[in-house]
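**Student:** What follows is a single structure, and I will ask about it in a moment.
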Amino acid sequence: MTARPSSRNSSDPDVPKRPADTEPRHEQPAPAAPRPRAGGSHGVRAAHPLADGDRERLLSGAHHDPHGLLGAHSVRGGLELRVLRPYARAVTVLSKGLRAELHEDGDGFFSGVLPLRTAPEYQLLVAYGSDGDVDETVADSESEAEAESEAEGTHEIEVQDPYRFLPSLGELDLHLIGEGRHEELWNALGAQPMAHQGVTGTRFTVWAPNARGVRVAGDFNYWDGTGYPMRSLGSTGVWELFLPGVSEGALYKFDITRPDGSHTLRADPMARRTEVPPANASIVTESHHVWHDEEWMAHRGDVPVHESPFSVYEVHLASWRPGLTYRQLAVQLPAYVKDLGFTHVELMPVAEHPFGGSWGYQVTGFYAPTSRMGTPDDFRFLVDALHRAGIGVLVDWVPAHFPKDDWALAEFDGRSLYEHEDPARAAHPDWGTLEFDYGRKEVRNFLVANATYWCEEFHIDGLRVDAVASMLYLDYSREHGEWTPNEHGGRENLDAVAFLQEMNATVYRRCPGVITVAEESTAWDGVTRATHHVGPGGFGGLGFGLKWNMGWMHDSLGYVSHEPVHRKFHHNEMTFSMVYAYSENYVLPISHDEVVHGKQALVSKMPGDWWQQRANHRAYLGFMWAHPGKQLLFMGQEFAQGAEWSEGHGPDWWLLDPSYSAEADHRGVRHLVGDLNAVYGATPALWQRDTEPEGFAWVDGNAAEDNVFAFLRYDASGTPLLAISHFSPVVRHEYRLGVPDSVQAWTEVLNTDAARYGGSDVLNPDPLKPESVPSHGRRASIQLTLPPLATLWLRPA
């Protein structure tokens, strides 16, 4: 056996007869041409020659039914057996009581008519030249490899004939694929290790309806698919081939003959494991992970997410601690997140992507966790560890577009397949990528099944769907004349709407406890409304569980970026979110998008000197955690990293090193985030009625001159929490606020100005008893001290 070669991009338009020539990392010389041989063995009659057209189509990879010509077939007078073994010197048929050498017909064909009435279970003894001309389909089968012989300058291997096997894909699978309704598509398409007709191997299946032919090429056949043509399974556009002896770890691609006769070598769209980029071959894999998160999975959906604490730490796995594998991350990440008190992590896209600088948002392997940090089972191990630590896992999912790499999805079988056939609809104007054709049932099936795949195969608890707005609008980033209205004359992409509704409905039906979250930046009506509830615009809801509140993010960051003296002119930017706070189920996101590309890290957006920047940062986080809606914070912002994030080096962990002079400043902010999460999780008023207007009441939303925002949050029993944010760098003594007269005393449970967090330690240490002094429309009020640039939380004593 040779060392397994790694794959590279194929160079279109034509893949040579031996793709090994375009895969130059082989360690053995190319096989020599077969030497002439005389006739077959005793008892084997010559078979009728193949028709020239069939012979040519088999050799060129353009035959739709190779099983109709290769393998064993009953003919008058016996059993005709034909094999295609390029570079072989001889082929002998072996069966119980039978050993018959086939006639050599040239070009790698061997055939003969055996004196048998029915096809037995047989094997092939294939002889190659001793210079390494071997077929490695059986590389993983030790019992067959034992048949090797060095006699007379040849090398013999006993193999199974792939063309003696019936189709390994069932009629129900084909029916569901044809309908675009196969909800477990990953079990039908791609590379599936299995036992078929009593023989172990791998079933290869691929959807390529425009192809003239498809062959399997891999490290098991020197990347030459000539001898491995697949059969078409009819109108579904699916091609299939069962390869005995090919097992887990084998590298492969599909050699596709386009409609014009040219070839393209493509990675498997359904591959569940890939090579480490920039190599891009698909890898045969199956899971051996034993899950230990039964308790988590059984109870994760006990309480609906909009009535539960939901505090999210957003992570780019490859750069959180650069160089760590999935299994190493499984040791460090759960402990860190649990210590900070976040309920969930959100992982930026983990699906395979060729360019690390895309942060995972330009996906080529939709069914494969990126191999940069380990295997799919290694990723399962990480999710399992997070669950056992009590932490939910969301992943970013990117169904809006895909890159144009010529070994991946773009014009996969020679024509537009996954992308829209209209180039104007297919090309994404912002990212140089291609948009999916959501109106094609097979493409919709590919994506809907992919959503459930991550939830079912990897126990993912939620999908944050990227760039939803770019999917919903036909005119997204397009000028007048660059787009065509829908059938009703509108700008809505009706196919995308139907796809998102189907995806959400399917995920929620199949995966109890899973949530979907939309990154949607417009005022589309009903993003988190149920799909069967029709809104004013005539559309049913999209069916998401939560939606990122991009308006709150934009407005609040704009407010805090102003100098305190100017903030009174922008006061409404902090209060406007309450006008629409209950129109959707919201997440408040301070994500990676807000701390890159010149936008500055969160603390660096703040005005003033270093002390004021940190104070503003802490006060803002206190306001964010108290505001209706769930919250999400990107890594590094939990300890006030001053530099923008870079995927090249990740968070500036050195800021927390005790040897760093300002370490206490950063560690104080991290202490605050931990305490915010702890008090938040223990205070139902902050999360139990996030989607109910009755769970919120302003105390004073108009104190623009003071830069003060004061409001009440209520839990289901009516117990309140009072939150006051003060965005001026002065201390305000005896500041009066109206409060419910049902509360006998208020106690401070969190103050972002505490010395522990790096503040000036202006506190309200004693319980605050209401006085019968009307204020802010209430009969009772309290007087308290407002620290500079701080947020306070008070609850009934």
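Convention: chains lettered A, B, ... in structure tokens order; per-chain residue numbering from 1; ligands numbered from 1 as shown.
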Would you list the contacts of segment 355-369 of chain A as an MDAnalysis selection string, taking every protein, DNA or RNA residue within 7 Å and counting only C-alpha atoms, but skipping same-chain residues closer than 6 positions in sequence?

**Tutor:** chainID A and resid 269:274 348:349 376 398 402:403 408 450

**Student:** Write the residues of the preceding selection, restricted to C-alpha atoms, as a CSV table (one decimal), in the first residue's frame.

**Tutor:**
chain,number,residue,atom,x,y,z
A,269,PRO,CA,-21.8,18.0,-0.2
A,270,MET,CA,-22.9,15.6,2.5
A,271,ALA,CA,-19.5,14.8,3.8
A,272,ARG,CA,-19.5,14.4,7.6
A,273,ARG,CA,-15.8,14.8,7.9
A,274,THR,CA,-13.2,16.6,5.8
A,348,MET,CA,-19.5,30.9,15.7
A,349,PRO,CA,-19.9,28.6,12.7
A,376,PRO,CA,-16.6,15.0,14.6
A,398,VAL,CA,-25.3,29.8,7.7
A,402,PHE,CA,-21.9,29.6,0.1
A,403,PRO,CA,-18.5,30.3,-1.6
A,408,ALA,CA,-17.4,22.5,-3.7
A,450,ASN,CA,-28.9,20.1,7.9

**Student:** Need the shell around Thr118 of chain A: protein/DNA/RNA residues with any atom at most 10 Å away, counting only C-alpha atoms. Skip same-chain ones fewer than 3 positions apart. Format as a PDB file with N, CA, C and O atoms, in the first residue's frame?

**Tutor:**
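result26.pdb, freshly written:
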ATOM      1  N   ALA A  72     -21.927  -9.771 -12.911  1.00  0.00           N
ATOM      2  CA  ALA A  72     -22.376 -11.045 -13.474  1.00  0.00           C
ATOM      3  C   ALA A  72     -23.791 -10.932 -14.008  1.00  0.00           C
ATOM      4  O   ALA A  72     -24.672 -10.371 -13.337  1.00  0.00           O
ATOM      5  N   HIS A  73     -24.029 -11.470 -15.207  1.00  0.00           N
ATOM      6  CA  HIS A  73     -25.345 -11.430 -15.834  1.00  0.00           C
ATOM      7  C   HIS A  73     -25.585 -12.753 -16.559  1.00  0.00           C
ATOM      8  O   HIS A  73     -24.693 -13.279 -17.244  1.00  0.00           O
ATOM      9  N   SER A  74     -26.775 -13.288 -16.420  1.00  0.00           N
ATOM     10  CA  SER A  74     -27.122 -14.535 -17.090  1.00  0.00           C
ATOM     11  C   SER A  74     -27.269 -14.313 -18.592  1.00  0.00           C
ATOM     12  O   SER A  74     -27.908 -13.345 -19.031  1.00  0.00           O
ATOM     13  N   VAL A  75     -26.618 -15.178 -19.370  1.00  0.00           N
ATOM     14  CA  VAL A  75     -26.723 -15.149 -20.825  1.00  0.00           C
ATOM     15  C   VAL A  75     -26.953 -16.586 -21.296  1.00  0.00           C
ATOM     16  O   VAL A  75     -26.833 -17.547 -20.532  1.00  0.00           O
ATOM     17  N   GLY A  78     -24.646 -19.733 -20.087  1.00  0.00           N
ATOM     18  CA  GLY A  78     -23.842 -19.551 -18.880  1.00  0.00           C
ATOM     19  C   GLY A  78     -24.035 -18.198 -18.214  1.00  0.00           C
ATOM     20  O   GLY A  78     -25.075 -17.541 -18.352  1.00  0.00           O
ATOM     21  N   LEU A  79     -23.003 -17.782 -17.523  1.00  0.00           N
ATOM     22  CA  LEU A  79     -23.020 -16.538 -16.748  1.00  0.00           C
ATOM     23  C   LEU A  79     -21.901 -15.634 -17.258  1.00  0.00           C
ATOM     24  O   LEU A  79     -20.722 -15.992 -17.174  1.00  0.00           O
ATOM     25  N   LEU A 114     -18.932 -17.950 -17.844  1.00  0.00           N
ATOM     26  CA  LEU A 114     -18.667 -19.091 -16.975  1.00  0.00           C
ATOM     27  C   LEU A 114     -19.778 -20.119 -17.150  1.00  0.00           C
ATOM     28  O   LEU A 114     -20.951 -19.775 -17.375  1.00  0.00           O
ATOM     29  N   PRO A 115     -19.439 -21.366 -17.009  1.00  0.00           N
ATOM     30  CA  PRO A 115     -20.441 -22.429 -17.169  1.00  0.00           C
ATOM     31  C   PRO A 115     -21.317 -22.564 -15.930  1.00  0.00           C
ATOM     32  O   PRO A 115     -21.342 -23.599 -15.261  1.00  0.00           O
ATOM     33  N   GLU A 121     -21.762 -16.242  -4.948  1.00  0.00           N
ATOM     34  CA  GLU A 121     -20.977 -15.236  -4.241  1.00  0.00           C
ATOM     35  C   GLU A 121     -19.532 -15.448  -4.647  1.00  0.00           C
ATOM     36  O   GLU A 121     -18.974 -16.522  -4.434  1.00  0.00           O
TER      37      GLU A 121
END

**Student:** In segment 315-511 of chain A, what's alpha helix (DSSP H) per DSSP? Answer as a ChimeraX atom specification?

**Tutor:** /A:317-320,326-340,376-388,423-426,441-457,468-472,494-510

**Student:** Got a sec: who's within 12 Å of His175 of chain A, counting only C-alpha atoms, leaving out chain neighbours fewer than 5 positions off, as a short mmCIF file (atom, residue, chain, number, x, y, z; two decimals) with N, CA, C and O atoms, in the first residue's frame?

**Tutor:**
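And here's part35.cif as it stands now:
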data_model
loop_
_atom_site.label_atom_id
_atom_site.label_comp_id
_atom_site.auth_asym_id
_atom_site.auth_seq_id
_atom_site.Cartn_x
_atom_site.Cartn_y
_atom_site.Cartn_z
N LEU A 169 -29.54 1.70 -1.42
CA LEU A 169 -30.42 2.78 -0.98
C LEU A 169 -31.86 2.34 -1.24
O LEU A 169 -32.20 1.93 -2.35
N GLY A 170 -32.70 2.44 -0.23
CA GLY A 170 -34.05 1.91 -0.31
C GLY A 170 -35.01 2.78 -1.11
O GLY A 170 -34.76 3.97 -1.33
N GLY A 180 -38.34 15.87 -1.75
CA GLY A 180 -37.70 16.94 -0.98
C GLY A 180 -38.11 16.93 0.47
O GLY A 180 -38.15 17.97 1.12
N ARG A 181 -38.41 15.74 1.01
CA ARG A 181 -38.93 15.63 2.37
C ARG A 181 -38.15 14.63 3.22
O ARG A 181 -38.68 14.10 4.19
N HIS A 182 -36.91 14.37 2.87
CA HIS A 182 -36.13 13.40 3.65
C HIS A 182 -35.49 14.13 4.83
O HIS A 182 -34.48 14.81 4.69
N LEU A 185 -31.63 13.20 5.78
CA LEU A 185 -30.95 13.09 4.49
C LEU A 185 -29.51 12.59 4.64
O LEU A 185 -28.99 11.90 3.76
N ALA A 188 -28.98 9.00 4.07
CA ALA A 188 -29.23 8.48 2.72
C ALA A 188 -28.16 8.90 1.72
O ALA A 188 -27.79 8.12 0.84
N LEU A 233 -29.88 6.29 -10.05
CA LEU A 233 -31.07 5.68 -9.45
C LEU A 233 -32.34 6.38 -9.92
O LEU A 233 -33.26 6.64 -9.15
N GLY A 234 -32.35 6.73 -11.20
CA GLY A 234 -33.58 7.22 -11.80
C GLY A 234 -33.78 8.71 -11.69
O GLY A 234 -32.82 9.49 -11.58
N SER A 235 -35.03 9.12 -11.67
CA SER A 235 -35.39 10.54 -11.79
C SER A 235 -35.01 11.37 -10.59
O SER A 235 -35.07 12.60 -10.64
N THR A 236 -34.62 10.74 -9.50
CA THR A 236 -34.22 11.51 -8.31
C THR A 236 -32.92 12.27 -8.53
O THR A 236 -32.62 13.21 -7.81
N GLY A 237 -32.13 11.86 -9.53
CA GLY A 237 -30.82 12.48 -9.73
C GLY A 237 -29.76 11.95 -8.80
O GLY A 237 -28.66 12.51 -8.73
N VAL A 238 -30.05 10.86 -8.07
CA VAL A 238 -29.10 10.28 -7.13
C VAL A 238 -28.28 9.20 -7.82
O VAL A 238 -28.81 8.39 -8.59
N GLU A 442 -35.07 19.97 -3.54
CA GLU A 442 -33.91 19.22 -3.06
C GLU A 442 -32.94 20.11 -2.28
O GLU A 442 -32.31 19.65 -1.33
#

**Student:** As a CSV table (one decimal) with all heavy atoms, in the first residue's frame, please: the residues near segment 775-790 of chain A (cut-off 6 Å, only C-alpha atoms, same-chain neighbours under 3 positions excluded).

**Tutor:**
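Output file part23.csv follows:
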chain,number,residue,atom,x,y,z
A,615,ALA,N,-15.8,52.3,33.9
A,615,ALA,CA,-17.0,52.6,34.6
A,615,ALA,C,-18.2,52.6,33.6
A,615,ALA,O,-19.3,52.0,33.9
A,615,ALA,CB,-17.0,53.9,35.3
A,616,ASN,N,-18.1,53.2,32.5
A,616,ASN,CA,-19.1,53.2,31.5
A,616,ASN,C,-19.4,51.8,31.0
A,616,ASN,O,-20.6,51.4,30.8
A,616,ASN,CB,-18.7,54.1,30.2
A,616,ASN,CG,-19.0,55.5,30.4
A,616,ASN,OD1,-20.2,55.9,30.5
A,616,ASN,ND2,-18.0,56.4,30.4
A,619,ALA,N,-21.4,50.0,33.7
A,619,ALA,CA,-22.7,50.5,33.8
A,619,ALA,C,-23.6,50.0,32.7
A,619,ALA,O,-24.7,49.7,32.8
A,619,ALA,CB,-22.7,52.0,33.9
A,725,SER,N,-29.8,53.1,36.1
A,725,SER,CA,-28.5,53.3,35.4
A,725,SER,C,-28.3,54.8,35.4
A,725,SER,O,-29.1,55.6,34.9
A,725,SER,CB,-28.6,52.7,34.0
A,725,SER,OG,-28.6,51.3,34.0
A,726,HIS,N,-27.1,55.2,35.8
A,726,HIS,CA,-26.7,56.6,35.9
A,726,HIS,C,-25.4,56.8,35.0
A,726,HIS,O,-24.3,56.3,35.3
A,726,HIS,CB,-26.4,56.9,37.3
A,726,HIS,CG,-25.9,58.3,37.5
A,726,HIS,ND1,-24.9,58.6,38.4
A,726,HIS,CD2,-26.2,59.5,37.0
A,726,HIS,CE1,-24.7,59.9,38.4
A,726,HIS,NE2,-25.5,60.5,37.5
A,727,PHE,N,-25.6,57.5,33.9
A,727,PHE,CA,-24.5,57.6,32.9
A,727,PHE,C,-23.9,59.0,33.0
A,727,PHE,O,-23.5,59.6,31.9
A,727,PHE,CB,-25.0,57.3,31.5
A,727,PHE,CG,-25.3,55.8,31.3
A,727,PHE,CD1,-26.5,55.3,31.4
A,727,PHE,CD2,-24.2,55.0,31.0
A,727,PHE,CE1,-26.7,54.0,31.2
A,727,PHE,CE2,-24.4,53.6,30.8
A,727,PHE,CZ,-25.7,53.1,30.9
A,728,SER,N,-23.7,59.6,34.2
A,728,SER,CA,-22.9,60.8,34.4
A,728,SER,C,-21.8,60.5,35.3
A,728,SER,O,-22.0,59.7,36.3
A,728,SER,CB,-23.8,61.9,34.9
A,728,SER,OG,-24.7,62.4,34.0
A,729,PRO,N,-20.6,61.2,35.2
A,729,PRO,CA,-19.5,60.9,36.0
A,729,PRO,C,-19.5,61.8,37.3
A,729,PRO,O,-18.4,62.3,37.8
A,729,PRO,CB,-18.3,61.3,35.1
A,729,PRO,CG,-18.8,62.4,34.3
A,729,PRO,CD,-20.3,62.1,34.1
A,730,VAL,N,-20.6,61.9,37.9
A,730,VAL,CA,-20.8,62.6,39.2
A,730,VAL,C,-21.6,61.7,40.2
A,730,VAL,O,-22.3,60.8,39.8
A,730,VAL,CB,-21.5,64.0,39.0
A,730,VAL,CG1,-20.7,64.9,38.1
A,730,VAL,CG2,-22.9,63.8,38.5
A,731,VAL,N,-21.4,62.1,41.5
A,731,VAL,CA,-22.2,61.4,42.5
A,731,VAL,C,-23.5,62.2,42.7
A,731,VAL,O,-23.4,63.4,42.9
A,731,VAL,CB,-21.5,61.2,43.8
A,731,VAL,CG1,-22.3,60.6,44.9
A,731,VAL,CG2,-20.2,60.4,43.5
A,732,ARG,N,-24.7,61.6,42.7
A,732,ARG,CA,-25.9,62.3,43.0
A,732,ARG,C,-26.5,61.8,44.3
A,732,ARG,O,-26.8,60.6,44.4
A,732,ARG,CB,-26.9,62.1,41.9
A,732,ARG,CG,-26.4,62.6,40.5
A,732,ARG,CD,-27.6,62.6,39.5
A,732,ARG,NE,-27.1,62.9,38.2
A,732,ARG,CZ,-26.9,64.1,37.7
A,732,ARG,NH1,-27.1,65.2,38.5
A,732,ARG,NH2,-26.4,64.3,36.5
A,733,HIS,N,-26.5,62.6,45.4
A,733,HIS,CA,-26.9,62.3,46.7
A,733,HIS,C,-28.4,62.5,46.8
A,733,HIS,O,-29.0,63.4,46.1
A,733,HIS,CB,-26.2,63.1,47.8
A,733,HIS,CG,-24.7,62.8,47.8
A,733,HIS,ND1,-24.2,61.7,48.3
A,733,HIS,CD2,-23.7,63.5,47.3
A,733,HIS,CE1,-22.8,61.7,48.2
A,733,HIS,NE2,-22.5,62.8,47.6
A,734,GLU,N,-29.1,61.8,47.6
A,734,GLU,CA,-30.5,61.9,48.0
A,734,GLU,C,-31.3,62.1,46.7
A,734,GLU,O,-32.2,62.9,46.5
A,734,GLU,CB,-30.7,63.2,48.8
A,734,GLU,CG,-30.0,63.1,50.2
A,734,GLU,CD,-30.2,64.3,51.1
A,734,GLU,OE1,-30.7,65.3,50.6
A,734,GLU,OE2,-29.8,64.2,52.2
A,735,TYR,N,-31.1,61.1,45.8
A,735,TYR,CA,-31.8,61.1,44.5
A,735,TYR,C,-33.1,60.4,44.7
A,735,TYR,O,-33.1,59.2,45.2
A,735,TYR,CB,-31.0,60.4,43.4
A,735,TYR,CG,-31.5,60.7,42.0
A,735,TYR,CD1,-31.0,61.8,41.4
A,735,TYR,CD2,-32.3,59.8,41.4
A,735,TYR,CE1,-31.5,62.1,40.1
A,735,TYR,CE2,-32.8,60.1,40.1
A,735,TYR,CZ,-32.3,61.2,39.4
A,735,TYR,OH,-32.7,61.5,38.1
A,736,ARG,N,-34.2,61.0,44.4
A,736,ARG,CA,-35.6,60.5,44.8
A,736,ARG,C,-36.2,59.7,43.6
A,736,ARG,O,-36.2,60.3,42.5
A,736,ARG,CB,-36.5,61.6,45.3
A,736,ARG,CG,-37.8,61.0,45.8
A,736,ARG,CD,-38.6,62.1,46.4
A,736,ARG,NE,-38.0,62.6,47.7
A,736,ARG,CZ,-38.1,62.0,48.9
A,736,ARG,NH1,-38.8,60.9,49.0
A,736,ARG,NH2,-37.5,62.5,49.9
A,737,LEU,N,-36.7,58.6,43.9
A,737,LEU,CA,-37.4,57.8,42.8
A,737,LEU,C,-38.6,57.2,43.4
A,737,LEU,O,-38.7,56.7,44.6
A,737,LEU,CB,-36.5,56.6,42.4
A,737,LEU,CG,-35.2,57.0,41.5
A,737,LEU,CD1,-34.3,55.8,41.4
A,737,LEU,CD2,-35.6,57.5,40.2
A,738,GLY,N,-39.7,57.2,42.7
A,738,GLY,CA,-41.0,56.6,43.1
A,738,GLY,C,-40.9,55.1,43.0
A,738,GLY,O,-40.3,54.5,42.1
A,739,VAL,N,-41.5,54.4,44.0
A,739,VAL,CA,-41.4,53.0,44.1
A,739,VAL,C,-42.8,52.4,44.5
A,739,VAL,O,-43.6,53.2,45.0
A,739,VAL,CB,-40.4,52.5,45.1
A,739,VAL,CG1,-39.0,52.8,44.6
A,739,VAL,CG2,-40.6,53.1,46.5
A,741,ASP,N,-45.6,51.0,46.7
A,741,ASP,CA,-45.7,51.2,48.1
A,741,ASP,C,-46.0,49.9,48.8
A,741,ASP,O,-46.1,49.8,50.1
A,741,ASP,CB,-46.9,52.2,48.5
A,741,ASP,CG,-48.2,51.7,47.8
A,741,ASP,OD1,-48.3,50.6,47.3
A,741,ASP,OD2,-49.2,52.5,47.8
A,752,THR,N,-22.5,48.4,40.1
A,752,THR,CA,-21.3,48.3,39.3
A,752,THR,C,-20.2,49.2,39.7
A,752,THR,O,-19.1,49.1,39.1
A,752,THR,CB,-21.7,48.6,37.8
A,752,THR,OG1,-22.1,49.9,37.6
A,752,THR,CG2,-22.8,47.7,37.3
A,753,ASP,N,-20.4,50.1,40.7
A,753,ASP,CA,-19.3,51.0,41.1
A,753,ASP,C,-18.6,50.4,42.3
A,753,ASP,O,-17.7,51.0,42.9
A,753,ASP,CB,-19.9,52.3,41.5
A,753,ASP,CG,-18.9,53.4,41.8
A,753,ASP,OD1,-18.0,53.6,40.9
A,753,ASP,OD2,-18.9,54.0,42.9
A,762,VAL,N,-19.0,53.8,45.8
A,762,VAL,CA,-20.1,54.6,46.3
A,762,VAL,C,-21.3,53.7,46.4
A,762,VAL,O,-21.9,53.4,45.3
A,762,VAL,CB,-20.3,55.8,45.5
A,762,VAL,CG1,-21.6,56.6,46.0
A,762,VAL,CG2,-19.1,56.7,45.5
A,770,PRO,N,-39.1,53.1,51.9
A,770,PRO,CA,-39.9,54.1,51.2
A,770,PRO,C,-40.5,55.1,52.2
A,770,PRO,O,-40.9,54.8,53.3
A,770,PRO,CB,-41.0,53.2,50.5
A,770,PRO,CG,-40.4,51.9,50.5
A,770,PRO,CD,-39.6,51.7,51.7
A,771,GLU,N,-40.7,56.3,51.7
A,771,GLU,CA,-41.3,57.4,52.4
A,771,GLU,C,-42.7,57.7,51.7
A,771,GLU,O,-42.8,57.5,50.5
A,771,GLU,CB,-40.5,58.6,52.4
A,771,GLU,CG,-39.1,58.4,53.1
A,771,GLU,CD,-38.2,59.6,52.9
A,771,GLU,OE1,-38.3,60.3,51.9
A,771,GLU,OE2,-37.3,59.7,53.7
A,772,SER,N,-43.6,58.3,52.4
A,772,SER,CA,-44.9,58.6,51.9
A,772,SER,C,-44.8,60.0,51.1
A,772,SER,O,-45.5,60.9,51.4
A,772,SER,CB,-46.0,58.7,53.0
A,772,SER,OG,-46.1,57.4,53.5

**Student:** Quick one: of A:Trp611, A:Phe342, A:Tyr473, A:Trp296, who's nearest to Phe634 of chain A, counting only C-alpha atoms?

**Tutor:**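 Under the stated criterion, the closest residue is A:Phe342.
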
**Student:** Rank nothing, just name the residue among A:Tyr418, A:Arg99, A:Leu125, A:Ala267 nearest to Val83 of chain A, using only C-alpha atoms.

**Tutor:**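 Of the candidates, the smallest distance to Val83 of chain A is held by A:Leu125.
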
**Student:** Smallest atom-to-atom distance to Gly43 of chain A: which of A:Leu81, A:Ala100, A:Leu317, A:Arg76, using only C-alpha atoms?

**Tutor:** A:Ala100

**Student:** Just to confirm, what's the straight-line distance from atom CA of Leu656 of chain A to atom CA of His592 of chain A in Å (one decimal)?

**Tutor:**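 Between these atoms lies a distance of 20.4 Å.
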
**Student:** May I ask for the distance between atom CA of Pro229 of chain A and atom CA of Ala191 of chain A, given in Å to one decimal place?

**Tutor:**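 Between atom CA of Pro229 of chain A and atom CA of Ala191 of chain A the gap is 15.1 Å.
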
**Student:** In Å, rounded to a single decimal, give me how far atom CA of Thr516 of chain A is from atom CA of Pro651 of chain A.

**Tutor:**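 Result for atom CA of Pro651 of chain A versus atom CA of Thr516 of chain A: 27.2 Å, one decimal.
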
**Student:** Neighbours of Arg510 of chain A within 8 Å (only C-alpha atoms; same-chain residues fewer than 3 positions away dropped), as a tab-separated table (two decimals) with C-alpha atoms, in the first residue's frame?

**Tutor:**
chain	number	residue	atom	x	y	z
A	452	THR	CA	-31.91	18.91	12.25
A	506	THR	CA	-39.20	20.82	11.44
A	507	VAL	CA	-36.58	21.60	14.09

**Student:** Leaving out segment 530-537 of chain A and any residue of its chain fewer than 5 positions from it, which residues lie within 10 Å of it when counting only C-alpha atoms, given as a VMD selection string?

**Tutor:** chain A and resid 498 500 to 502 504 to 505 524 to 525 542 to 545

**Student:** Restricting the calculation to only C-alpha atoms: of A:His649, A:His617, A:Arg478, A:Arg713, which residue gets closest to Ser604 of chain A?

**Tutor:**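 Nearest to Ser604 of chain A: A:His617.
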
**Student:** Pick out the residues sitting within 7 Å of segment 162-166 of chain A, and hand them over as a list of chain:residue names; count only C-alpha atoms, and ignore anything fewer than 6 positions along from it in its own chain.

**Tutor:**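 The neighbour list is A:His67, A:Leu70, A:Gly71, A:Ala72, A:Phe242, A:Leu243, A:Pro244.
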
**Student:** Between A:Glu692, A:Asp715, A:Glu307, A:Asp219, single out the one closest to Ile283 of chain A, counting only C-alpha atoms.

**Tutor:**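 Of A:Glu692, A:Asp715, A:Glu307, A:Asp219, the one nearest Ile283 of chain A, counting only C-alpha atoms, is A:Asp219.
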
**Student:** Check the DSSP output for the backbone and give back, as a VMD selection string, the residues of segment 58-287 of chain A in strand (DSSP E or B).

**Tutor:** chain A and resid 71 to 75 78 to 84 90 to 95 98 to 101 103 to 106 109 to 114 123 to 129 154 to 159 190 to 196 199 to 207 213 to 218 229 231 to 232 238 to 244 251 to 257 263 to 266 274 282 to 283

**Student:** My list of candidates is A:Trp223, A:Glu295, A:Ala389, A:Ala318. Which is closest to Val331 of chain A when distances are computed with only C-alpha atoms?

**Tutor:**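 Residue with the minimum atom-to-atom distance to Val331 of chain A: A:Ala389.
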